[in-house]
$ cat coords.csv   # CSV, C-alpha atoms
chain,number,residue,atom,x,y,z
A,1,ALA,CA,13.8,-9.3,-3.8
A,2,SER,CA,12.6,-12.3,-1.8
A,3,VAL,CA,9.2,-13.2,-0.4
A,4,ARG,CA,8.9,-14.2,3.2
A,5,ARG,CA,5.7,-15.4,4.8
A,6,LYS,CA,5.0,-15.1,8.5
A,7,ARG,CA,2.2,-17.3,9.8
A,8,ASP,CA,0.1,-16.1,12.7
A,9,ALA,CA,-0.9,-18.5,15.5
A,10,ILE,CA,-4.4,-18.4,14.1
A,11,PRO,CA,-4.1,-20.6,10.9
A,12,SER,CA,-6.6,-18.6,8.9
A,13,PHE,CA,-4.4,-15.5,9.0
A,14,GLU,CA,-1.2,-15.2,7.0
A,15,PHE,CA,0.9,-12.1,6.4
A,16,THR,CA,3.3,-11.7,3.5
A,17,ILE,CA,6.2,-9.4,3.7
A,18,TRP,CA,8.0,-8.4,0.5
A,19,LYS,CA,11.6,-8.0,1.4
A,20,TYR,CA,13.5,-5.4,-0.6
A,21,ASN,CA,17.3,-5.8,-0.5
A,22,GLU,CA,19.2,-2.8,0.7
A,23,TYR,CA,20.8,-0.4,-1.8
A,24,THR,CA,19.2,-2.2,-4.7
A,25,HIS,CA,16.9,-1.2,-7.5
A,26,PHE,CA,13.4,-2.6,-7.8
A,27,CYS,CA,13.0,-6.2,-8.5
A,28,SER,CA,11.0,-7.3,-11.5
A,29,PRO,CA,7.5,-5.7,-11.6
A,30,ARG,CA,6.3,-8.8,-13.5
A,31,ARG,CA,7.6,-11.1,-10.8
A,32,ASN,CA,6.1,-9.0,-8.1
A,33,ALA,CA,2.7,-8.7,-9.9
A,34,VAL,CA,2.6,-12.5,-10.3
A,35,ALA,CA,3.4,-13.0,-6.6
A,36,ALA,CA,0.9,-10.4,-5.5
A,37,THR,CA,-1.8,-11.9,-7.7
A,38,ALA,CA,-1.2,-15.3,-6.2
A,39,MET,CA,-1.4,-13.9,-2.7
A,40,ASP,CA,-4.5,-12.0,-3.5
A,41,LYS,CA,-6.2,-15.3,-4.5
A,42,ASP,CA,-5.0,-17.1,-1.4
A,43,ASN,CA,-8.0,-17.3,1.0
A,44,ASP,CA,-5.6,-17.7,3.9
A,45,ILE,CA,-4.1,-14.3,3.4
A,46,GLY,CA,-6.1,-11.2,4.6
A,47,CYS,CA,-3.5,-8.4,4.3
A,48,LEU,CA,-0.1,-7.8,2.7
A,49,VAL,CA,2.8,-5.9,4.2
A,50,VAL,CA,5.6,-4.4,2.1
A,51,THR,CA,8.8,-3.5,3.9
A,52,GLY,CA,12.5,-2.9,3.2
A,53,SER,CA,16.0,-3.8,4.3
A,54,SER,CA,16.6,-5.7,7.5
A,55,ASN,CA,18.9,-3.0,8.9
A,56,ASN,CA,16.1,-0.5,8.7
A,57,LYS,CA,18.2,1.9,6.5
A,58,PHE,CA,16.2,1.6,3.3
A,59,PHE,CA,12.6,0.9,2.3
A,60,ALA,CA,13.6,1.3,-1.4
A,61,ALA,CA,16.1,3.9,-2.5
A,62,GLY,CA,14.7,4.1,-6.0
A,63,ALA,CA,15.6,2.7,-9.4
A,64,ASP,CA,19.1,1.7,-10.5
A,65,ILE,CA,20.4,4.9,-12.1
A,66,SER,CA,23.3,3.0,-13.7
A,67,LYS,CA,20.9,1.0,-15.8
A,68,MET,CA,18.8,4.1,-16.7
A,69,SER,CA,21.5,6.6,-17.5
A,70,SER,CA,22.2,5.3,-21.0
A,71,LYS,CA,18.5,4.9,-22.1
A,72,SER,CA,17.2,7.0,-24.9
A,73,PHE,CA,13.7,8.6,-25.4
A,74,THR,CA,12.9,5.7,-27.7
A,75,ASP,CA,13.9,3.1,-25.1
A,76,ALA,CA,11.8,4.8,-22.4
A,77,TYR,CA,8.8,5.4,-24.7
A,78,LYS,CA,8.6,2.1,-26.6
A,79,THR,CA,8.8,0.1,-23.3
A,80,ASP,CA,6.5,2.5,-21.5
A,81,MET,CA,9.0,2.6,-18.7
A,82,PHE,CA,7.4,2.1,-15.2
A,83,ALA,CA,3.9,1.5,-16.6
A,84,GLN,CA,4.2,-2.1,-15.2
A,85,TRP,CA,4.2,-0.7,-11.7
A,86,GLN,CA,1.2,1.5,-11.9
A,87,ASN,CA,-1.5,-0.9,-11.0
A,88,ILE,CA,0.3,-3.5,-8.9
A,89,ALA,CA,-1.4,-2.3,-5.7
A,90,SER,CA,-4.8,-1.1,-7.1
A,91,ASP,CA,-5.3,-4.4,-8.9
A,92,ILE,CA,-4.9,-6.3,-5.7
A,93,GLN,CA,-8.2,-6.6,-3.8
A,94,LYS,CA,-6.6,-7.1,-0.3
A,95,PRO,CA,-5.1,-4.2,1.6
A,96,ILE,CA,-1.4,-3.5,1.2
A,97,ILE,CA,0.4,-1.8,4.1
A,98,ALA,CA,3.8,-0.1,3.4
A,99,ALA,CA,6.0,-0.3,6.4
A,100,VAL,CA,8.7,2.3,5.7
A,101,ASN,CA,11.9,2.4,7.6
A,102,GLY,CA,14.8,4.6,6.4
A,103,TYR,CA,14.9,6.0,2.9
A,104,ALA,CA,11.9,5.9,0.6
A,105,LEU,CA,13.2,8.1,-2.2
A,106,GLY,CA,12.2,8.5,-5.8
A,107,GLY,CA,10.7,5.2,-7.0
A,108,GLY,CA,10.8,4.0,-3.3
A,109,CYS,CA,8.5,6.9,-2.3
A,110,GLU,CA,6.3,6.1,-5.3
A,111,LEU,CA,6.1,2.5,-4.4
A,112,ALA,CA,5.0,3.3,-0.8
A,113,MET,CA,2.3,5.6,-2.2
A,114,MET,CA,1.0,2.8,-4.4
A,115,CYS,CA,0.1,0.9,-1.2
A,116,ASP,CA,-3.2,1.4,0.6
A,117,THR,CA,-1.7,2.9,3.8
A,118,ILE,CA,1.8,3.9,5.0
A,119,LEU,CA,3.2,3.2,8.4
A,120,ALA,CA,6.5,4.9,9.1
A,121,GLY,CA,9.4,4.2,11.4
A,122,ASP,CA,10.7,7.2,13.2
A,123,ASN,CA,13.7,7.2,11.0
A,124,ALA,CA,11.8,7.3,7.7
A,125,GLN,CA,12.7,9.8,5.0
A,126,PHE,CA,10.4,10.5,2.0
A,127,GLY,CA,11.4,12.3,-1.1
A,128,GLN,CA,11.2,12.8,-4.9
A,129,PRO,CA,14.8,13.8,-5.8
A,130,GLU,CA,14.5,13.1,-9.5
A,131,ILE,CA,14.9,16.8,-10.3
A,132,ASN,CA,18.6,16.4,-9.2
A,133,LEU,CA,19.1,13.9,-12.1
A,134,GLY,CA,17.5,16.2,-14.7
A,135,ILE,CA,14.3,14.2,-14.9
A,136,ILE,CA,10.9,14.2,-13.1
A,137,PRO,CA,9.1,11.4,-11.1
A,138,GLY,CA,7.8,8.8,-13.5
A,139,ALA,CA,5.9,6.3,-11.4
A,140,GLY,CA,3.3,8.6,-9.8
A,141,GLY,CA,5.4,11.0,-7.8
A,142,THR,CA,3.8,14.2,-9.2
A,143,GLN,CA,0.3,12.6,-9.1
A,144,ARG,CA,-0.1,10.5,-5.9
A,145,LEU,CA,2.1,12.9,-3.8
A,146,THR,CA,-0.2,15.8,-4.8
A,147,HIS,CA,-3.3,13.8,-3.8
A,148,ALA,CA,-1.6,12.9,-0.5
A,149,VAL,CA,-0.1,16.2,0.6
A,150,GLY,CA,-1.6,18.9,-1.6
A,151,LYS,CA,-0.3,20.9,-4.5
A,152,SER,CA,2.0,23.3,-2.6
A,153,LYS,CA,4.0,20.7,-0.6
A,154,ALA,CA,4.2,18.3,-3.6
A,155,MET,CA,5.4,21.1,-5.8
A,156,TYR,CA,8.0,22.0,-3.2
A,157,MET,CA,9.3,18.5,-2.7
A,158,CYS,CA,9.5,17.7,-6.4
A,159,LEU,CA,11.0,21.1,-7.4
A,160,THR,CA,13.7,21.1,-4.7
A,161,GLY,CA,14.3,17.4,-4.3
A,162,GLU,CA,14.3,17.8,-0.5
A,163,HIS,CA,13.3,14.9,1.8
A,164,ILE,CA,10.8,15.1,4.6
A,165,GLY,CA,11.0,13.1,7.8
A,166,ALA,CA,8.4,10.9,9.4
A,167,GLU,CA,6.9,13.6,11.6
A,168,GLU,CA,6.5,16.0,8.7
A,169,ALA,CA,5.1,13.2,6.5
A,170,LEU,CA,2.5,12.4,9.2
A,171,GLN,CA,1.5,16.1,9.5
A,172,ALA,CA,1.2,16.3,5.8
A,173,GLY,CA,-1.1,13.3,5.5
A,174,LEU,CA,1.4,11.1,3.7
A,175,VAL,CA,1.6,8.5,6.4
A,176,SER,CA,-1.0,7.1,8.9
A,177,LYS,CA,1.1,6.4,12.0
A,178,ILE,CA,4.7,6.5,13.2
A,179,PHE,CA,6.4,3.7,15.3
A,180,PRO,CA,9.9,3.2,16.6
A,181,SER,CA,12.0,1.9,13.7
A,182,ASP,CA,12.9,-1.4,15.5
A,183,THR,CA,9.3,-2.4,16.1
A,184,LEU,CA,7.8,-1.0,12.9
A,185,VAL,CA,7.4,-4.3,11.0
A,186,GLU,CA,6.0,-6.0,14.1
A,187,GLU,CA,3.5,-3.2,14.4
A,188,ALA,CA,2.6,-3.4,10.7
A,189,VAL,CA,1.9,-7.1,11.0
A,190,ARG,CA,-0.2,-6.4,14.1
A,191,VAL,CA,-2.2,-3.9,12.1
A,192,GLY,CA,-2.4,-6.5,9.3
A,193,HIS,CA,-3.8,-8.9,11.8
A,194,THR,CA,-6.5,-6.5,12.9
A,195,ILE,CA,-7.5,-5.9,9.2
A,196,ALA,CA,-7.4,-9.6,8.4
A,197,SER,CA,-9.7,-10.3,11.4
A,198,LYS,CA,-12.5,-8.2,9.8
A,199,SER,CA,-15.0,-9.4,7.2
A,200,ARG,CA,-12.9,-9.7,4.1
A,201,ILE,CA,-15.8,-8.7,1.9
A,202,SER,CA,-16.3,-5.4,3.8
A,203,VAL,CA,-12.5,-4.8,3.8
A,204,GLN,CA,-12.4,-5.3,0.0
A,205,MET,CA,-15.3,-2.9,-0.5
A,206,ILE,CA,-13.8,-0.2,1.7
A,207,LYS,CA,-10.6,-0.4,-0.5
A,208,GLU,CA,-12.7,-0.3,-3.7
A,209,SER,CA,-14.8,2.6,-2.5
A,210,ILE,CA,-11.9,4.8,-1.3
A,211,ASN,CA,-9.8,4.1,-4.4
A,212,ALA,CA,-12.8,5.1,-6.5
A,213,VAL,CA,-12.7,8.6,-5.2
A,214,ASP,CA,-10.2,9.7,-7.8
A,215,ASP,CA,-12.1,8.1,-10.7
A,216,LEU,CA,-15.6,9.3,-9.9
A,217,SER,CA,-16.6,12.8,-10.9
A,218,GLY,CA,-18.2,14.8,-8.1
A,219,LEU,CA,-19.1,14.0,-4.5
A,220,GLN,CA,-22.7,12.9,-5.3
A,221,ASN,CA,-21.5,10.2,-7.6
A,222,GLY,CA,-19.1,9.0,-4.9
A,223,LEU,CA,-21.8,9.0,-2.3
A,224,LYS,CA,-24.1,7.0,-4.5
A,225,TYR,CA,-21.4,4.5,-5.3
A,226,GLU,CA,-20.6,4.1,-1.6
A,227,ARG,CA,-24.3,3.6,-0.8
A,228,ARG,CA,-24.7,0.9,-3.4
A,229,LEU,CA,-21.7,-1.0,-1.9
A,230,PHE,CA,-23.2,-0.5,1.6
A,231,HIS,CA,-26.5,-1.9,0.4
A,232,SER,CA,-24.9,-4.9,-1.2
A,233,LEU,CA,-23.4,-6.0,2.1
A,234,PHE,CA,-26.8,-6.8,3.5
A,235,ALA,CA,-26.8,-9.8,1.2
A,236,THR,CA,-23.8,-11.3,3.1
A,237,GLN,CA,-23.6,-13.7,6.0
A,238,ASP,CA,-20.9,-11.5,7.6
A,239,GLN,CA,-23.4,-8.6,7.9
A,240,LYS,CA,-25.8,-10.8,9.7
A,241,GLU,CA,-23.1,-12.2,12.0
A,242,GLY,CA,-21.5,-8.8,12.7
A,243,MET,CA,-24.8,-7.2,13.8
A,244,LYS,CA,-25.9,-10.2,15.7
A,245,ALA,CA,-22.6,-10.3,17.6
A,246,PHE,CA,-22.9,-6.6,18.4
A,247,LEU,CA,-26.4,-7.1,19.9
A,248,GLU,CA,-25.2,-10.2,21.8
A,249,LYS,CA,-22.1,-8.2,23.1
A,250,ARG,CA,-19.6,-10.7,21.7
A,251,LYS,CA,-16.9,-10.8,19.1
A,252,PRO,CA,-18.1,-11.7,15.6
A,253,ASN,CA,-17.0,-14.9,13.9
A,254,PHE,CA,-16.8,-13.8,10.3
A,255,GLN,CA,-16.8,-16.4,7.6
A,256,HIS,CA,-16.0,-14.0,4.7
A,257,LYS,CA,-19.2,-14.9,2.9
$ encode --input "coords.csv" --output "structure tokens"
Amino acid sequence: ASVRRKRDAIPSFEFTIWKYNEYTHFCSPRRNAVAATAMDKDNDIGCLVVTGSSNNKFFAAGADISKMSSKSFTDAYKTDMFAQWQNIASDIQKPIIAAVNGYALGGGCELAMMCDTILAGDNAQFGQPEINLGIIPGAGGTQRLTHAVGKSKAMYMCLTGEHIGAEEALQAGLVSKIFPSDTLVEEAVRVGHTIASKSRISVQMIKESINAVDDLSGLQNGLKYERRLFHSLFATQDQKEGMKAFLEKRKPNFQHK
């Protein structure tokens, strides 16, 4: 996998697109984690976009089966296979957009679900076909998919191995929006631009609060957690600027402080 950076005309905005080579297995999770961590610390970057092959046929078609087929239980267990992937997105404070064109199957679907939101091309296909290989999803397919689409649909997809298209994924709540496949990356970068133009502190807290939903027990705990984050933003310069700009009927000039 290679990393390509696209700079916006506004110097303070930078968008990073992780390019996944077509027909290939995942690149090194350690390499990706190091790259993502470096981008997370870069103050010129406000949002990350993950996408796939340049011909729009694949987002990521899953792990390399030829390298997995000979592994034993001991190999899989001792190395805690796929554990390295689990927190790549959640450990990054900046939002990560998955721009999915073509096939996002198996680990590819799991990778997309690790991101904070999924934008799909109209040719996107999502699925967890591991059942056809005599295994089950191992990087969040049974867990994140159930949170996204509900038990019944997740059960159906994982038990049958059937794919769903972009429209069905949108109706199920797996993706946020659909765009024509040839303009998807451009639209994803545009959305990234919109997010990066907001107060970075508020953006970070929104991601933190929403991701905490699964970790907090009960609605009341979640509401209290959200409220405390809300209260804390009144200590920031961006809150003062945002409200002042609203009252003065102008665009805010956030300094991310």
$ residues_near_point --input "coords.csv" --point "(6.6, 6.7, -16.8)" --cutoff "12 Å" --atoms "all atoms listed in the file" --output "ChimeraX atom specification"
/A:73,75-86,107,110,135-143
$ atom_distance --input "coords.csv" --atom1 "CA of Asp91 in chain A" --atom2 "CA of Met113 in chain A"
14.2 Å
$ atom_distance --input "coords.csv" --atom1 "CA of Ile96 in chain A" --atom2 "CA of Thr194 in chain A"
13.1 Å
$ atom_distance --input "coords.csv" --atom1 "CA of Asp40 in chain A" --atom2 "CA of Asp215 in chain A"
22.7 Å
$ closest_residue --input "coords.csv" --among "A:Leu216, A:Val185, A:Leu133, A:Ile164" --to "Ala104 in chain A" --atoms "all atoms listed in the file"
A:Ile164
$ build_atoms --input "coords.csv" --residues "range 225-246 of chain A" --atoms "N, CA and C atoms" --output "compact mmCIF listing (two decimals), in the coordinates of the input"
# COMPACT_ATOMS: atom_id res chain seq x y z
N TYR A 225 -22.15 5.70 -5.12
CA TYR A 225 -21.40 4.50 -5.30
C TYR A 225 -21.14 3.81 -3.93
N GLU A 226 -20.75 4.61 -2.93
CA GLU A 226 -20.60 4.10 -1.60
C GLU A 226 -21.84 3.45 -1.04
N ARG A 227 -22.97 4.12 -1.27
CA ARG A 227 -24.30 3.60 -0.80
C ARG A 227 -24.62 2.30 -1.41
N ARG A 228 -24.35 2.13 -2.69
CA ARG A 228 -24.70 0.90 -3.40
C ARG A 228 -23.81 -0.27 -2.79
N LEU A 229 -22.56 0.00 -2.52
CA LEU A 229 -21.70 -1.00 -1.90
C LEU A 229 -22.22 -1.36 -0.50
N PHE A 230 -22.60 -0.34 0.24
CA PHE A 230 -23.20 -0.50 1.60
C PHE A 230 -24.42 -1.40 1.51
N HIS A 231 -25.31 -1.09 0.57
CA HIS A 231 -26.50 -1.90 0.40
C HIS A 231 -26.23 -3.34 0.11
N SER A 232 -25.24 -3.56 -0.74
CA SER A 232 -24.90 -4.90 -1.20
C SER A 232 -24.46 -5.81 -0.04
N LEU A 233 -23.88 -5.23 0.98
CA LEU A 233 -23.40 -6.00 2.10
C LEU A 233 -24.48 -6.67 2.92
N PHE A 234 -25.72 -6.19 2.74
CA PHE A 234 -26.80 -6.80 3.50
C PHE A 234 -27.23 -8.14 2.85
N ALA A 235 -26.56 -8.52 1.77
CA ALA A 235 -26.80 -9.80 1.20
C ALA A 235 -25.74 -10.85 1.68
N THR A 236 -24.85 -10.42 2.61
CA THR A 236 -23.80 -11.30 3.10
C THR A 236 -24.06 -11.90 4.43
N GLN A 237 -23.48 -13.07 4.67
CA GLN A 237 -23.60 -13.70 6.00
C GLN A 237 -22.81 -12.89 7.03
N ASP A 238 -21.73 -12.25 6.62
CA ASP A 238 -20.90 -11.50 7.60
C ASP A 238 -21.70 -10.31 8.16
N GLN A 239 -22.56 -9.68 7.36
CA GLN A 239 -23.40 -8.60 7.90
C GLN A 239 -24.30 -9.10 8.98
N LYS A 240 -24.92 -10.24 8.74
CA LYS A 240 -25.80 -10.80 9.70
C LYS A 240 -25.06 -11.18 11.00
N GLU A 241 -23.88 -11.80 10.83
CA GLU A 241 -23.10 -12.20 12.00
C GLU A 241 -22.56 -11.00 12.75
N GLY A 242 -22.09 -9.99 12.03
CA GLY A 242 -21.50 -8.80 12.70
C GLY A 242 -22.55 -8.08 13.53
N MET A 243 -23.75 -7.88 13.02
CA MET A 243 -24.80 -7.20 13.80
C MET A 243 -25.34 -8.03 14.91
N LYS A 244 -25.45 -9.32 14.66
CA LYS A 244 -25.90 -10.20 15.70
C LYS A 244 -24.91 -10.25 16.87
N ALA A 245 -23.62 -10.31 16.54
CA ALA A 245 -22.60 -10.30 17.60
C ALA A 245 -22.59 -9.02 18.37
N PHE A 246 -22.82 -7.91 17.69
CA PHE A 246 -22.90 -6.60 18.40
C PHE A 246 -24.03 -6.61 19.39
